[in-house]
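Asker: Below is entry.tsv; it holds TSV, C-alpha atoms.
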chain	number	residue	atom	x	y	z
G	235	MET	CA	64.87	164.11	90.54
G	236	LYS	CA	62.33	166.21	88.68
G	237	PRO	CA	59.18	164.27	87.77
G	238	VAL	CA	59.85	164.57	84.07
G	239	LEU	CA	59.62	161.41	82.00
G	240	ARG	CA	62.66	160.73	79.87
G	241	MET	CA	63.28	157.84	77.53
G	242	LYS	CA	66.62	156.15	76.98
G	243	ILE	CA	67.06	153.61	74.25
G	244	ALA	CA	69.80	151.05	74.77
G	245	ALA	CA	70.20	150.33	71.06
G	246	ALA	CA	69.49	152.68	68.19
G	247	ALA	CA	68.23	149.83	66.05
G	248	VAL	CA	65.28	149.09	68.33
G	249	ALA	CA	61.96	150.09	66.79
G	250	ILE	CA	59.85	152.30	69.02
G	251	ALA	CA	56.11	151.97	69.01
G	252	ALA	CA	53.68	154.67	70.09
G	253	THR	CA	53.84	153.43	73.67
G	254	GLY	CA	57.62	153.73	73.63
G	255	PHE	CA	58.55	150.09	72.91
G	256	SER	CA	57.89	147.25	70.52
G	257	HIS	CA	56.01	144.20	71.78
G	258	ALA	CA	57.13	142.12	68.80
G	259	GLN	CA	60.85	141.74	69.40
G	260	GLU	CA	61.78	138.84	71.63
G	261	ASN	CA	65.42	139.57	72.41
G	262	VAL	CA	64.69	142.79	74.26
G	263	LEU	CA	63.75	143.90	77.75
G	264	ASN	CA	61.49	146.89	78.40
G	265	LEU	CA	62.59	148.45	81.69
G	266	TYR	CA	60.63	151.09	83.61
G	267	SER	CA	63.03	152.50	86.18
G	268	ALA	CA	62.87	155.07	88.96
G	269	ARG	CA	66.64	154.70	89.38
G	270	HIS	CA	68.34	157.70	87.81
G	271	TYR	CA	72.00	157.03	88.52
G	272	GLN	CA	74.55	157.33	85.71
G	273	THR	CA	76.57	154.54	87.29
G	274	ASP	CA	73.81	152.09	86.34
G	275	GLU	CA	74.68	152.49	82.65
G	276	GLN	CA	77.51	149.96	82.90
G	277	LEU	CA	75.24	147.62	84.82
G	278	TYR	CA	72.78	147.50	81.94
G	279	ALA	CA	75.51	147.32	79.31
G	280	ASN	CA	77.03	144.26	80.97
G	281	PHE	CA	73.67	142.49	81.07
G	282	THR	CA	73.28	143.02	77.33
G	283	LYS	CA	76.85	141.87	76.72
G	284	GLN	CA	76.29	138.67	78.68
G	285	THR	CA	72.84	137.78	77.36
G	286	GLY	CA	72.43	139.56	74.04
G	287	ILE	CA	69.18	141.05	75.39
G	288	LYS	CA	68.89	144.74	74.53
G	289	ILE	CA	67.40	147.02	77.17
G	290	ASN	CA	64.86	149.70	76.29
G	291	ARG	CA	64.52	152.02	79.24
G	292	ILE	CA	62.05	154.61	80.44
G	293	GLU	CA	63.13	156.59	83.50
G	294	ALA	CA	60.96	158.75	85.71
G	295	ASP	CA	60.31	159.26	89.37
G	296	ASP	CA	58.26	156.60	91.13
G	297	ASN	CA	54.95	158.48	90.98
G	298	ALA	CA	55.23	159.17	87.25
G	299	LEU	CA	56.04	155.54	86.51
G	300	LEU	CA	53.17	154.26	88.63
G	301	GLU	CA	50.75	156.62	86.88
G	302	ARG	CA	52.03	155.62	83.45
G	303	LEU	CA	51.71	151.92	84.22
G	304	LYS	CA	48.15	152.32	85.49
G	305	ASN	CA	47.20	154.30	82.38
G	306	GLU	CA	48.75	151.70	80.06
G	307	GLY	CA	46.95	148.86	81.80
G	308	LYS	CA	47.10	145.45	80.12
G	309	ASN	CA	48.65	147.05	77.02
G	310	SER	CA	51.76	148.13	78.90
G	311	PRO	CA	55.01	147.01	77.23
G	312	ALA	CA	56.85	147.06	80.60
G	313	ASP	CA	58.75	143.90	81.49
G	314	VAL	CA	60.54	145.00	84.66
G	315	ILE	CA	59.69	147.78	87.12
G	316	LEU	CA	62.42	149.19	89.37
G	317	MET	CA	61.56	151.40	92.35
G	318	VAL	CA	63.78	153.11	94.91
G	319	ASP	CA	61.74	152.79	98.08
G	320	ALA	CA	59.79	150.19	100.05
G	321	ALA	CA	56.70	152.39	100.13
G	322	ARG	CA	56.59	152.64	96.34
G	323	LEU	CA	57.20	148.91	95.85
G	324	TRP	CA	54.29	148.19	98.15
G	325	ARG	CA	52.10	150.70	96.31
G	326	ALA	CA	52.93	149.11	92.95
G	327	GLN	CA	52.05	145.69	94.39
G	328	ILE	CA	48.73	146.92	95.82
G	329	ASP	CA	47.91	148.49	92.46
G	330	GLY	CA	48.42	145.08	90.81
G	331	LEU	CA	51.40	146.12	88.70
G	332	PHE	CA	53.63	143.12	89.49
G	333	GLN	CA	53.31	139.38	88.95
G	334	PRO	CA	54.74	136.72	91.30
G	335	VAL	CA	58.04	135.10	90.40
G	336	LYS	CA	59.35	131.71	91.44
G	337	SER	CA	63.13	131.76	91.20
G	338	LYS	CA	65.57	129.57	93.11
G	339	VAL	CA	68.33	132.06	92.30
G	340	LEU	CA	66.48	135.04	93.76
G	341	ASP	CA	65.11	133.17	96.77
G	342	SER	CA	68.55	131.85	97.67
G	343	ARG	CA	70.36	135.18	97.29
G	344	VAL	CA	67.92	137.87	98.44
G	345	PRO	CA	67.11	137.65	102.20
G	346	ALA	CA	63.45	137.02	103.01
G	347	ASN	CA	63.01	140.34	104.85
G	348	LEU	CA	64.16	142.22	101.74
G	349	ARG	CA	61.57	140.87	99.34
G	350	GLY	CA	57.81	140.79	98.97
G	351	LYS	CA	55.72	138.26	100.85
G	352	ASP	CA	55.41	134.88	99.16
G	353	ASP	CA	51.91	133.37	99.43
G	354	GLY	CA	53.01	130.21	97.62
G	355	LYS	CA	53.14	131.59	94.10
G	356	GLY	CA	56.40	133.50	94.51
G	357	SER	CA	57.40	137.01	95.54
G	358	GLU	CA	56.19	139.96	93.48
G	359	TRP	CA	59.29	142.07	94.10
G	360	TYR	CA	62.85	141.78	95.39
G	361	GLY	CA	65.28	144.23	96.95
G	362	PHE	CA	68.64	144.52	95.21
G	363	SER	CA	70.43	147.20	97.21
G	364	THR	CA	70.03	148.86	100.60
G	365	ARG	CA	70.73	152.27	102.10
G	366	GLY	CA	70.71	153.28	105.74
G	367	ARG	CA	68.90	156.34	107.13
G	368	ILE	CA	71.50	158.07	109.28
G	369	ILE	CA	71.39	161.10	111.56
G	370	VAL	CA	73.70	163.91	110.44
G	371	TYR	CA	74.74	166.57	112.95
G	372	ASN	CA	76.74	169.80	113.12
G	373	LYS	CA	79.90	169.13	115.12
G	374	ALA	CA	80.05	172.71	116.46
G	375	ASN	CA	76.70	172.80	118.22
G	376	VAL	CA	75.34	169.26	118.63
G	377	LYS	CA	76.67	166.39	120.72
G	378	PRO	CA	76.38	162.96	119.08
G	379	GLU	CA	75.01	161.44	122.28
G	380	ASP	CA	72.09	163.89	122.07
G	381	VAL	CA	71.04	162.54	118.67
G	382	ALA	CA	71.84	158.85	119.06
G	383	THR	CA	68.34	157.64	118.16
G	384	TYR	CA	65.48	158.55	115.87
G	385	GLU	CA	63.43	159.06	119.01
G	386	SER	CA	65.88	161.73	120.20
G	387	LEU	CA	64.85	164.01	117.33
G	388	ALA	CA	61.68	164.68	119.34
G	389	ASP	CA	63.56	165.43	122.58
G	390	PRO	CA	63.11	169.04	123.81
G	391	LYS	CA	66.92	169.39	124.01
G	392	ASN	CA	66.90	169.47	120.20
G	393	LYS	CA	64.28	172.22	119.90
G	394	GLY	CA	64.95	174.47	116.92
G	395	LYS	CA	67.60	172.14	115.49
G	396	VAL	CA	65.82	169.47	113.42
G	397	CYS	CA	65.55	169.53	109.62
G	398	THR	CA	63.98	166.94	107.34
G	399	ARG	CA	62.63	166.70	103.86
G	400	SER	CA	58.84	166.47	103.47
G	401	GLY	CA	57.32	163.91	105.78
G	402	SER	CA	55.23	162.67	102.86
G	403	HIS	CA	58.29	161.70	100.84
G	404	PRO	CA	58.62	157.90	100.51
G	405	TYR	CA	61.97	157.89	102.34
G	406	MET	CA	60.34	159.50	105.36
G	407	LEU	CA	57.15	157.44	105.13
G	408	SER	CA	59.21	154.26	105.15
G	409	MET	CA	61.26	155.39	108.16
G	410	ILE	CA	58.10	156.33	110.05
G	411	GLY	CA	56.52	153.05	108.92
G	412	SER	CA	59.35	151.19	110.61
G	413	MET	CA	58.80	153.22	113.79
G	414	ILE	CA	55.13	152.26	113.75
G	415	GLU	CA	56.12	148.62	113.47
G	416	ARG	CA	58.54	148.93	116.40
G	417	ASN	CA	56.78	151.37	118.72
G	418	GLY	CA	53.12	151.41	117.72
G	419	GLU	CA	51.00	154.20	116.24
G	420	ALA	CA	50.36	156.12	119.46
G	421	ALA	CA	54.04	156.41	120.36
G	422	THR	CA	54.95	157.28	116.79
G	423	GLU	CA	52.37	160.07	116.69
G	424	LYS	CA	53.76	161.50	119.93
G	425	TRP	CA	57.23	161.35	118.38
G	426	ALA	CA	56.05	163.13	115.22
G	427	GLN	CA	54.51	165.92	117.33
G	428	GLY	CA	57.85	166.34	119.10
G	429	VAL	CA	59.76	166.53	115.83
G	430	VAL	CA	57.41	169.20	114.49
G	431	SER	CA	58.01	171.20	117.69
G	432	ASN	CA	61.77	170.88	117.15
G	433	PHE	CA	61.90	172.02	113.52
G	434	ALA	CA	64.57	174.56	112.65
G	435	ARG	CA	62.57	175.34	109.51
G	436	PRO	CA	59.62	173.83	107.61
G	437	PRO	CA	60.49	170.59	105.76
G	438	ARG	CA	61.82	171.19	102.26
G	439	GLY	CA	64.36	169.97	99.74
G	440	GLY	CA	66.01	166.58	99.37
G	441	ASP	CA	68.47	164.69	101.52
G	442	THR	CA	71.46	166.58	100.12
G	443	ASP	CA	69.74	169.84	101.07
G	444	GLN	CA	69.39	168.58	104.64
G	445	ILE	CA	73.11	167.80	104.79
G	446	LYS	CA	73.95	171.25	103.46
G	447	GLY	CA	71.60	172.83	106.00
G	448	VAL	CA	73.42	171.07	108.83
G	449	ALA	CA	76.82	172.17	107.51
G	450	SER	CA	75.70	175.80	107.16
G	451	GLY	CA	74.32	175.87	110.71
G	452	GLU	CA	70.74	176.46	109.60
G	453	CYS	CA	70.02	173.02	111.05
G	454	GLY	CA	71.71	171.30	113.94
G	455	VAL	CA	70.62	167.81	112.94
G	456	ALA	CA	68.93	166.03	110.05
G	457	VAL	CA	68.24	162.59	108.62
G	458	ALA	CA	69.58	161.43	105.26
G	459	ASN	CA	70.16	158.27	103.29
G	460	THR	CA	73.73	157.02	103.44
G	461	TYR	CA	74.43	157.15	99.72
G	462	TYR	CA	73.91	160.93	99.66
G	463	TYR	CA	76.35	161.32	102.52
G	464	VAL	CA	78.99	159.04	100.98
G	465	ARG	CA	78.61	160.74	97.60
G	466	LEU	CA	79.61	164.03	99.22
G	467	LEU	CA	82.46	162.38	101.12
G	468	ARG	CA	83.82	161.07	97.82
G	469	SER	CA	83.54	164.45	96.12
G	470	THR	CA	86.77	166.19	95.10
G	471	LYS	CA	85.16	169.63	95.03
G	472	PRO	CA	86.74	172.00	97.60
G	473	GLU	CA	83.33	173.30	98.68
G	474	ASP	CA	82.11	169.78	99.38
G	475	LYS	CA	85.25	168.92	101.33
G	476	ASP	CA	84.81	172.06	103.42
G	477	MET	CA	81.14	171.26	104.02
G	478	MET	CA	81.79	167.69	105.12
G	479	SER	CA	84.50	168.81	107.54
G	480	LYS	CA	81.82	170.60	109.58
G	481	ILE	CA	79.52	167.66	110.08
G	482	SER	CA	79.48	164.05	111.21
G	483	PHE	CA	76.89	161.30	111.59
G	484	VAL	CA	75.63	158.58	113.90
G	485	TRP	CA	74.19	155.17	113.19
G	486	PRO	CA	70.85	155.57	115.01
G	487	ASN	CA	69.45	153.16	117.58
G	488	GLN	CA	72.55	151.00	117.96
G	489	LYS	CA	71.60	150.02	121.50
G	490	THR	CA	68.02	149.18	120.58
G	491	SER	CA	66.38	148.35	117.26
G	492	GLY	CA	69.17	149.29	114.85
G	493	THR	CA	69.42	151.72	111.95
G	494	HIS	CA	66.50	151.87	109.54
G	495	LEU	CA	67.22	150.36	106.12
G	496	ASN	CA	65.43	151.04	102.88
G	497	ILE	CA	65.84	149.35	99.53
G	498	SER	CA	65.94	149.78	95.82
G	499	GLY	CA	64.20	146.86	94.18
G	500	GLY	CA	61.88	145.65	91.50
G	501	GLY	CA	59.82	142.91	89.96
G	502	VAL	CA	58.33	141.55	86.77
G	503	ALA	CA	55.51	143.69	85.38
G	504	LYS	CA	52.00	142.23	85.45
G	505	ASN	CA	51.67	142.01	81.66
G	506	ALA	CA	55.34	141.59	80.75
G	507	PRO	CA	55.61	140.60	77.05
G	508	HIS	CA	59.15	139.25	77.64
G	509	ARG	CA	58.76	137.43	80.94
G	510	GLU	CA	61.71	135.09	80.51
G	511	ALA	CA	64.06	138.02	79.84
G	512	ALA	CA	62.55	139.88	82.80
G	513	VAL	CA	63.28	137.05	85.25
G	514	LYS	CA	66.77	136.69	83.80
G	515	PHE	CA	67.39	140.41	84.39
G	516	LEU	CA	66.24	140.23	88.01
G	517	GLU	CA	68.50	137.23	88.58
G	518	TYR	CA	71.36	139.20	87.03
G	519	LEU	CA	70.75	142.06	89.50
G	520	ALA	CA	71.32	139.54	92.30
G	521	SER	CA	74.63	138.36	90.80
G	522	ASP	CA	77.91	139.21	92.52
G	523	GLU	CA	78.90	141.41	89.59
G	524	ALA	CA	75.72	143.49	89.63
G	525	GLN	CA	75.70	143.70	93.42
G	526	ALA	CA	79.21	145.17	93.33
G	527	TYR	CA	78.02	147.88	90.93
G	528	PHE	CA	75.39	149.04	93.39
G	529	ALA	CA	78.05	149.49	96.07
G	530	ASN	CA	80.92	150.84	94.00
G	531	GLY	CA	78.88	152.97	91.66
G	532	ASN	CA	76.11	154.41	93.80
G	533	ASN	CA	77.34	153.87	97.36
G	534	GLU	CA	74.62	151.37	98.25
G	535	TRP	CA	75.04	148.05	100.06
G	536	PRO	CA	74.46	144.76	98.27
G	537	VAL	CA	71.55	142.69	99.56
G	538	VAL	CA	73.38	139.44	98.84
G	539	PRO	CA	75.40	138.58	101.96
G	540	THR	CA	78.24	136.96	100.00
G	541	ALA	CA	78.66	139.81	97.48
G	542	VAL	CA	81.98	141.63	97.72
G	543	ALA	CA	82.10	145.40	97.26
G	544	LYS	CA	85.13	147.66	96.97
G	545	ASN	CA	84.06	151.11	98.08
G	546	PRO	CA	86.60	152.36	100.66
G	547	THR	CA	84.55	155.43	101.60
G	548	LEU	CA	81.46	153.33	102.26
G	549	GLU	CA	83.56	150.88	104.26
G	550	GLU	CA	85.10	153.71	106.30
G	551	MET	CA	81.68	154.51	107.71
G	552	GLY	CA	82.10	151.32	109.71
G	553	LYS	CA	79.89	148.41	110.64
G	554	PHE	CA	76.55	148.98	112.31
G	555	LYS	CA	73.50	147.23	113.65
G	556	ALA	CA	70.64	147.34	111.14
G	557	GLU	CA	66.98	146.91	112.02
G	558	ASN	CA	65.53	143.53	111.17
G	559	ILE	CA	62.02	144.40	110.03
G	560	SER	CA	60.31	143.08	106.92
G	561	ILE	CA	60.54	145.68	104.17
G	562	ALA	CA	57.10	144.56	102.98
G	563	THR	CA	55.62	145.44	106.39
G	564	ILE	CA	57.28	148.87	106.34
G	565	GLY	CA	55.70	149.62	102.97
G	566	LYS	CA	52.27	148.58	104.24
G	567	ASN	CA	52.56	150.97	107.19
G	568	GLN	CA	52.91	154.04	104.96
G	569	ILE	CA	49.16	154.72	105.05
G	570	ALA	CA	49.14	154.89	108.84
G	571	ALA	CA	52.33	156.97	108.68
G	572	GLN	CA	50.71	159.55	106.41
G	573	ARG	CA	47.66	159.80	108.65
G	574	ILE	CA	49.89	160.51	111.62
G	575	LEU	CA	51.77	163.20	109.71
G	576	ASP	CA	48.52	164.84	108.65
G	577	ARG	CA	47.21	164.91	112.21
G	578	VAL	CA	50.33	166.55	113.69
G	579	GLY	CA	50.88	169.03	110.84
G	580	TYR	CA	54.13	167.46	109.64
G	581	LYS	CA	54.25	168.79	106.08
Show me the file's structure as structure tokens.
Answerer:
Amino acid sequence: MKPVLRMKIAAAAVAIAATGFSHAQENVLNLYSARHYQTDEQLYANFTKQTGIKINRIEADDNALLERLKNEGKNSPADVILMVDAARLWRAQIDGLFQPVKSKVLDSRVPANLRGKDDGKGSEWYGFSTRGRIIVYNKANVKPEDVATYESLADPKNKGKVCTRSGSHPYMLSMIGSMIERNGEAATEKWAQGVVSNFARPPRGGDTDQIKGVASGECGVAVANTYYYVRLLRSTKPEDKDMMSKISFVWPNQKTSGTHLNISGGGVAKNAPHREAAVKFLEYLASDEAQAYFANGNNEWPVVPTAVAKNPTLEEMGKFKAENISIATIGKNQIAAQRILDRVGYK
């Protein structure tokens, strides 16, 4: 998504102050969201229908939201902050943009490894949906057994075949952060050097661009988040159907650590003027109804183990072993990950 700030107002009757929202109204929720999926519209509409709380929303990419929040400081009208990556959630926490929340509902429904660390006062953020980072390969020139792990992307047998988006993108930093946690910094740096040596082209574009590059033959193999892949599988466009017929994927590291997971999540803003509504909204995102929207609307997995989703295409990808690493730890490792990338010239 382009880093252009855009404002969406859930109800035309809501008065907008210079900052974008009114602090005075009590039956509202001011949401700062890095989620930009049209399927979330119904999610928000149902929350308002159930609670009577109107949602004012500002959408931007994670960096733009973080910058805006820091500039607004204690005068920020934000009640809830939603981010789409563990690295960004950790950054927002380090910057002091969240406040801890004690909620029996959230603690009982969101697994401990998918929420921020609780030092006794509550967690500052919670994950609400997950996506796996899969390896996509061209069926004509790559064998799945040659790309069965993230580590295999650095194997000389894949020289000239590997494509990724920028290593500095949060999705990549989080994946590399998980490798640091599993393998240590030295081994991860050696891996990163190998990947750079195996590039088919310099890193560029988003995950969808990597998938297209694999289908066109420009790349032999790439990494991408599952919801991009499933979105293309569900497409009815002839060109997308043709593209997807040329590629396949593997769940990486099934015999070892499991496939890397990332999250979309959020928390209550540090200076939330409507804290009660903010906690209620987070609890709603952990409800079975909301969890189903994440899966059915945007091809993500619910974080709540008991939530039932009905997305046949997502289900057809099959069951897999997921890594069991604290998302909070992965976010913390992003600094070390960036240093490694800088040292090996991984742009």
Asker: Between CA of Ala388 in chain G and CA of Pro437 in chain G, measure the distance and give it in Å to one decimal.
Answerer: 14.9 Å
Asker: Given the point (61.7, 144.2, 92.1) in the coordinates of this file, which residues lie within 8 Å, counting only C-alpha atoms, and how would they look as JSON, numbers by chain?
Answerer: {"G": [314, 315, 316, 317, 323, 349, 358, 359, 360, 361, 362, 498, 499, 500, 501, 502, 516]}
Asker: At most 7 Å is the cut-off: for each residue in range 392-503 of chain G with any atom that close to an atom of range 562-577 of chain G, write down the nearest atom pair and the distance in Å rounded to one decimal, counting all atoms listed in the file, chain first then increasing number, as a tab-separated table.
Answerer:
residue	atom	partner	partner_atom	distance
G:Gly401	CA	G:Leu575	CA	6.8
G:Ser402	CA	G:Gln572	CA	6.5
G:Leu407	CA	G:Gln568	CA	5.4
G:Ser408	CA	G:Ile564	CA	5.8
G:Ile410	CA	G:Ala571	CA	6.0
G:Gly411	CA	G:Asn567	CA	4.8
G:Ser412	CA	G:Ile564	CA	5.3
G:Glu423	CA	G:Ile574	CA	5.7
G:Ala426	CA	G:Leu575	CA	7.0
Asker: Quick one: pull the distance between CA of Leu299 in chain G and CA of His403 in chain G, Å, one decimal.
Answerer: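 Interatomic distance here is 15.8 Å.
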Asker: Report, as lines of an AutoDock Vina configuration file, the axis-aligned box around all atoms of range 371-378 of chain G present in the file, extended by 4 Å on each side; give centre and edge lengths in Å to one decimal place.
Answerer:
center_x = 77.4
center_y = 167.9
center_z = 116.8
size_x = 13.3
size_y = 17.8
size_z = 15.8
Asker: Using all atoms listed in the file, which protein or nucleic acid residues come within 6 Å of range 531-543 of chain G? Drop anything in the same chain fewer than 3 positions from it, and give the result as a ChimeraX atom specification.
Answerer: /G:273,343-344,362-365,461,522,525-528
Asker: Which residue, G:Ser386, G:Asn530, G:Asn309, G:Thr460, has the smallest gap to Asn432 in chain G when you use all atoms listed in the file?
Answerer: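 Looking only at the distances to Asn432 in chain G, the closest residue turns out to be G:Ser386.
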Asker: For range 441-443 of chain G, please output as a count of residues only all residues within 7 Å (counting only C-alpha atoms; exclusion window: fewer than 2 positions along the same chain).
Answerer: 8
Asker: May I ask for the distance between CA of Ile559 in chain G and CA of Arg416 in chain G, given in Å to one decimal place?
Answerer: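 Interatomic distance here is 8.6 Å.
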Asker: Need the shell around Ser491 in chain G: protein/DNA/RNA residues with any atom at most 9 Å away, counting only C-alpha atoms. Skip same-chain ones fewer than 2 positions apart. Format as a ChimeraX atom specification?
Answerer: /G:416,486-489,493-494,555-558
Asker: Pick from G:Gly454, G:Pro334, G:Gly286, G:Pro404: nearest to Ile497 in chain G, with all atoms listed in the file counted?
Answerer: G:Pro404
Asker: Out of G:Tyr580, G:Phe515, G:Phe281, G:Tyr463, which residue has the shortest atom-to-atom distance to Phe433 in chain G when counting all atoms listed in the file?
Answerer: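 Comparing G:Tyr580, G:Phe515, G:Phe281, G:Tyr463 against Phe433 in chain G, the winner is G:Tyr580.
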Asker: Let me make sure I understand: among G:Ile292, G:Val429, G:Val370, G:Ala312, which one has the smallest atom-to-atom distance to Ser482 in chain G if we use all atoms listed in the file?
Answerer: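 Distance minimum relative to Ser482 in chain G lands on G:Val370.
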Asker: Residues within 7 Å of Thr398 in chain G, please, as a list in words. Count only C-alpha atoms; anything in the same chain fewer than 2 positions from it doesn't count.
Answerer: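 Contacts, with the query itself left out: Val396, Ser400, Pro437, Arg438, Gln444, Ala456 and Val457 of chain G.
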Asker: Nearest to Leu340 in chain G: which of G:Ile561, G:Val513, G:Ala506, G:Ala449 is it, counting all atoms listed in the file?
Answerer: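 Closest to Leu340 in chain G of all the choices is G:Val513.
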Asker: For Leu331 in chain G, which residue among G:Gly492, G:Pro507, G:Pro472, G:Gly307 is the nearest when counting all atoms listed in the file?
Answerer: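 Of all the options, G:Gly307 lies closest to Leu331 in chain G.
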Asker: Please tell me which residues are no farther than 6 Å from (81.2, 174.0, 114.4) in the file, counting all atoms listed in the file, and write them as a short mmCIF file (atom, residue, chain, number, x, y, z; two decimals) with C-alpha atoms, in the frame of the given file.
Answerer:
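Output (point_25.cif):
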data_model
loop_
_atom_site.label_atom_id
_atom_site.label_comp_id
_atom_site.auth_asym_id
_atom_site.auth_seq_id
_atom_site.Cartn_x
_atom_site.Cartn_y
_atom_site.Cartn_z
CA LYS G 373 79.90 169.13 115.12
CA ALA G 374 80.05 172.71 116.46
CA LYS G 480 81.82 170.60 109.58
#
Asker: Skipping near chain neighbours, those fewer than 2 positions away, what residues fall within 12 Å of Leu300 in chain G using all atoms listed in the file, listed as an MDAnalysis selection string?
Answerer: chainID G and resid 237 239 266:268 293:298 302:307 310 312 315:317 322:332 503
Asker: Range 494-510 of chain G from the block above, N, CA and C atoms, as a tab-separated table (two decimals), in the first residue's frame, please?
Answerer:
chain	number	residue	atom	x	y	z
G	494	HIS	N	7.22	-20.20	9.51
G	494	HIS	CA	7.16	-18.91	10.21
G	494	HIS	C	5.77	-18.30	10.11
G	495	LEU	N	5.25	-17.84	11.24
G	495	LEU	CA	3.98	-17.14	11.30
G	495	LEU	C	4.20	-15.68	11.67
G	496	ASN	N	3.39	-14.82	11.06
G	496	ASN	CA	3.36	-13.43	11.48
G	496	ASN	C	1.92	-13.09	11.84
G	497	ILE	N	1.71	-11.92	12.38
G	497	ILE	CA	0.37	-11.58	12.86
G	497	ILE	C	-0.06	-10.20	12.40
G	498	SER	N	-1.35	-10.00	12.48
G	498	SER	CA	-1.95	-8.68	12.46
G	498	SER	C	-2.54	-8.50	13.85
G	499	GLY	N	-2.26	-7.40	14.48
G	499	GLY	CA	-2.73	-7.23	15.86
G	499	GLY	C	-2.79	-5.78	16.27
G	500	GLY	N	-3.12	-5.56	17.51
G	500	GLY	CA	-3.23	-4.18	17.97
G	500	GLY	C	-3.40	-4.07	19.47
G	501	GLY	N	-3.51	-2.83	19.92
G	501	GLY	CA	-3.67	-2.57	21.34
G	501	GLY	C	-4.32	-1.23	21.58
G	502	VAL	N	-4.52	-0.93	22.83
G	502	VAL	CA	-5.12	0.35	23.23
G	502	VAL	C	-4.04	1.43	23.23
G	503	ALA	N	-4.34	2.55	22.60
G	503	ALA	CA	-3.37	3.65	22.51
G	503	ALA	C	-3.07	4.23	23.90
G	504	LYS	N	-1.85	4.71	24.05
G	504	LYS	CA	-1.35	5.22	25.33
G	504	LYS	C	-2.29	6.23	25.97
G	505	ASN	N	-2.80	7.16	25.16
G	505	ASN	CA	-3.63	8.24	25.70
G	505	ASN	C	-5.07	8.14	25.22
G	506	ALA	N	-5.56	6.93	25.06
G	506	ALA	CA	-6.91	6.70	24.52
G	506	ALA	C	-7.97	7.47	25.31
G	507	PRO	N	-8.72	8.36	24.64
G	507	PRO	CA	-9.79	9.09	25.34
G	507	PRO	C	-11.02	8.22	25.60
G	508	HIS	N	-11.14	7.11	24.88
G	508	HIS	CA	-12.30	6.22	25.05
G	508	HIS	C	-11.80	4.81	25.36
G	509	ARG	N	-11.16	4.67	26.50
G	509	ARG	CA	-10.49	3.41	26.83
G	509	ARG	C	-11.46	2.24	26.92
G	510	GLU	N	-12.60	2.45	27.53
G	510	GLU	CA	-13.57	1.37	27.69
G	510	GLU	C	-14.02	0.84	26.33
